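**Student:** Please see the structure below; I have some questions.
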Amino acid sequence: MACVTKFHLFALILLIVLEWRHCVDGKSEVPCFFIFGDSLVDSGNNNNLENKGKVNYLPYGMDFPDGPTGRFTNGRTMADVLGELLGFKNFIKSFPTAKGSQILEGVNYGSGYAGIRDETGTHVGALVSLSKQIQHHRVTISRIHRILGKNDSNYLNQCLYLSMIGNNDYISNYYLPNYYNTSRQYTVKQYANVLAEEYARNLKTLHDLGARKLAVIGLSPIGCTPNATAFYDTNGSLCVKPMNEAAILLNDLLKLLVQDLNKKLIGANFMYLEIYEIIWKFVNAPGTRGLIKGCCEVNDNGLCIPSKTPCLHRNVALFWDSFHPTEFVNLVTGTKSYYTLRTIL
């Protein structure tokens with residue numbers, strides 16, 4: 001229990017830091033923040049889509065200032081925390097809700113179940129893959145151009161871009177052979193290379209569109225989610241080792257990818273951010289072993305059942321549902337990422 005208390009205290013300190021940041025000078029460290037990714041950063045982009053992967057209902061958002069918004073957690077996402085620490089007074093708007101001059105602060109394009117590959121996650125219905133998110137960003141750029149005129153390229157160069165995607169290409173693709181054939185097409189190593197190559201093309205496109213400061217968030221220990229440990233063989237271990245090894249394999253390629261893009265792309269200041277080790281330490285810490293389960297009662301898709309009462313100690317729980325971290329974990333990963341990112345701001 002002592003270790004849990006330490007984690008709780010750390011999260012409390014982070015909350016105080018966030019409140020303090022709100023009260024300093026009100027000026028953000030970058031003019032705008034563009035967010036690409038999956039459910040780990042989705043702020044409501046799935047709400048109006050025809051799919052089983054949207055969460056704009058309680059108990060999701062029960063600790064978020066605006067209640068249920070489509071965020072796949074009880075409170076803030078990692079991107080929300082990062083935005084606050086960057087000094088933004090408001091949470092970055094989702095693409096469907098960002099109107100007028102609001103887009104000058106940035107846009108969130110993240111979509112639950114989305115992946116690097118276009119087909120990833122489509123078994124739940126419509127979603128916005130990474131390539132489609134970049135198409136949406138083109139629309140945003142045209143709107144910014146109408147507002148700022150010829151100065152928009154310099155403006156975009158100063159913004160921070162965040163890309164947090166790739167987990168679903170395993171969870172909602174490779175490891176779902178009943179829906180997708182990628183595990184029959186590729187070995188784990190081949191698949192990681194295919195994903196890295198496609199990811200590189202998307203990141204180059206973002207650079208062409210003006211991205212210079214870009215953070216690539218690595219995959220998390222996907223074999224340690226409540227869903228993974230419930231449906232796959234752990235072989236007596238705490239987590240599903242092959243799934244974690246697959247995530248590490250892609251992460252290693254992403255590190256090299258970022259280094260390569262920085263050498264080849266003019267003005268690129270891209271950074272790889274590691275969250276695997278942060279979450280892995282939580283999962284393996286003494287006293288947290290019993291917390292590796294979802295905080296809410298879930299449906300067949302691993303998402304919280306509407307209006308069901310969640311666990312009482314969500315402020316120290318690691319997972320909110322069968323896949324997603326709690327706000328507590330997002331506070332930690334978001335804060336650590338912020339202090340790493342400061343070197344490129």
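The chains in the structure tokens are called A, B, ... from first to last as shown; in each chain the residues are counted from 1, and the ligands are counted from 1 in the order shown.
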Give me the residues within 10 Å of Ser39 of chain A as a count of residues only, counting only C-alpha atoms and dropping any in the same chain fewer than 3 places off.

**Tutor:** 25

**Student:** Using DSSP assignments from the backbone, pull out every residue in segment 17-141 of chain A that falls under strand (DSSP E) and give it to me as an NGL selection string.

**Tutor:** :A and (33-37)

**Student:** Using C-alpha atoms, can you write the selected residues to a file as a PDB file, in the first residue's frame?

**Tutor:**
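The result, written out as again-v5.pdb:
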```
ATOM      1  CA  PHE A  33      -0.836  22.523 -30.496  1.00  0.00           C
ATOM      2  CA  PHE A  34      -1.957  19.929 -33.042  1.00  0.00           C
ATOM      3  CA  ILE A  35      -2.784  16.442 -31.797  1.00  0.00           C
ATOM      4  CA  PHE A  36      -2.919  13.253 -33.873  1.00  0.00           C
ATOM      5  CA  GLY A  37      -3.593   9.777 -32.573  1.00  0.00           C
TER       6      GLY A  37
END
```

**Student:** Out of segment 126-326 of chain A, which residues get helix (DSSP H, G or I) from DSSP, as a count of residues only?

**Tutor:** 106

**Student:** Could you work out how far atom CA of Gln190 of chain A lies from atom CA of Ile248 of chain A, giving the answer in Å with one decimal?

**Tutor:**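 Atom CA of Ile248 of chain A sits 13.7 Å away from atom CA of Gln190 of chain A.
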
**Student:** Using only C-alpha atoms, which of the listed residues (A:Gly267, A:Pro31, A:Gly334, A:Pro226) sits closest to Lys293 of chain A?

**Tutor:** A:Pro226

**Student:** Set the distance at 8 Å and use only C-alpha atoms: which residues neighbour His207 of chain A once local chain neighbours fewer than 5 positions away are removed? I'd like the list as JSON, numbers by chain.

**Tutor:** {"A": [212, 265, 268]}

**Student:** Could you tell me how far atom CA of Val81 of chain A sits from atom CA of Leu331 of chain A, in Å to one decimal place?

**Tutor:** 6.2 Å

**Student:** Pick the closest to Ile141 of chain A from A:Leu254, A:Ile292, A:Leu209, A:Leu85: which is it, counting only C-alpha atoms?

**Tutor:** A:Leu209

**Student:** Which residues are close to Leu318 of chain A, i.e. within 8 Å by only C-alpha atoms, leaving aside same-chain residues fewer than 4 positions away? Reply as a ChimeraX atom specification.

**Tutor:** /A:282-283,291-294,314,325-326,328-329

**Student:** What does the distance from atom CA of Leu238 of chain A to atom CA of Ile278 of chain A come to in Å, to one decimal?

**Tutor:**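 Interatomic distance, atom CA of Leu238 of chain A to atom CA of Ile278 of chain A: 16.3 Å.
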
**Student:** Nearest residue to Met62 of chain A out of A:Trp320, A:Phe91, A:Trp280, A:Tyr339, using only C-alpha atoms?

**Tutor:**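 Closest residue, counting only C-alpha atoms: A:Trp320.
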
**Student:** Can you list, as a PyMOL selection string, every protein, DNA or RNA residue that comes within 10 Å of Tyr180 of chain A when you count only C-alpha atoms, leaving out same-chain residues fewer than 5 positions away?

**Tutor:** chain A and resi 119-123+172-175+185

**Student:** Write out as a ChimeraX atom specification each polymer residue whose atoms come within 6 Å of segment 126-131 of chain A, counting only C-alpha atoms; drop sequence neighbours fewer than 2 positions from it.

**Tutor:** /A:49-51,111,114-116,118,133-134

**Student:** Deliver the residues from the most recent selection as a file, using N, CA and C atoms, as a short mmCIF file (atom, residue, chain, number, x, y, z; two decimals), in the first residue's frame.

**Tutor:**
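Written file, again01.cif:
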```
data_model
loop_
_atom_site.label_atom_id
_atom_site.label_comp_id
_atom_site.auth_asym_id
_atom_site.auth_seq_id
_atom_site.Cartn_x
_atom_site.Cartn_y
_atom_site.Cartn_z
N LEU A 49 -19.72 9.67 -35.18
CA LEU A 49 -19.47 8.63 -36.17
C LEU A 49 -20.30 7.39 -35.86
N GLU A 50 -20.61 6.62 -36.89
CA GLU A 50 -21.35 5.38 -36.71
C GLU A 50 -20.37 4.27 -36.32
N ASN A 51 -20.21 4.08 -35.02
CA ASN A 51 -19.33 3.02 -34.55
C ASN A 51 -19.64 2.65 -33.11
N SER A 111 -8.62 9.86 -32.84
CA SER A 111 -9.84 9.08 -33.00
C SER A 111 -9.68 7.70 -32.38
N ALA A 114 -8.32 4.20 -33.92
CA ALA A 114 -7.56 4.50 -35.12
C ALA A 114 -6.14 3.95 -35.03
N GLY A 115 -5.55 3.76 -36.21
CA GLY A 115 -4.20 3.26 -36.26
C GLY A 115 -3.40 3.91 -37.36
N ILE A 116 -2.16 3.46 -37.51
CA ILE A 116 -1.31 3.90 -38.60
C ILE A 116 -1.88 3.38 -39.92
N ASP A 118 -4.93 2.16 -42.36
CA ASP A 118 -6.30 2.63 -42.54
C ASP A 118 -7.35 1.64 -42.08
N GLN A 133 -6.74 11.81 -40.60
CA GLN A 133 -6.51 12.92 -39.68
C GLN A 133 -5.65 13.99 -40.35
N ILE A 134 -4.69 13.54 -41.14
CA ILE A 134 -3.84 14.50 -41.85
C ILE A 134 -4.65 15.22 -42.93
#
```

**Student:** Closest to Gly218 of chain A among A:Cys32, A:Leu312, A:Leu40, A:Val188, using only C-alpha atoms?

**Tutor:** A:Leu40

**Student:** Rank nothing, just name the residue among A:Asn202, A:Tyr161, A:Ile171, A:Leu156 nearest to Lys132 of chain A, using only C-alpha atoms.

**Tutor:**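 The shortest atom-to-atom distance to Lys132 of chain A comes from A:Asn202.
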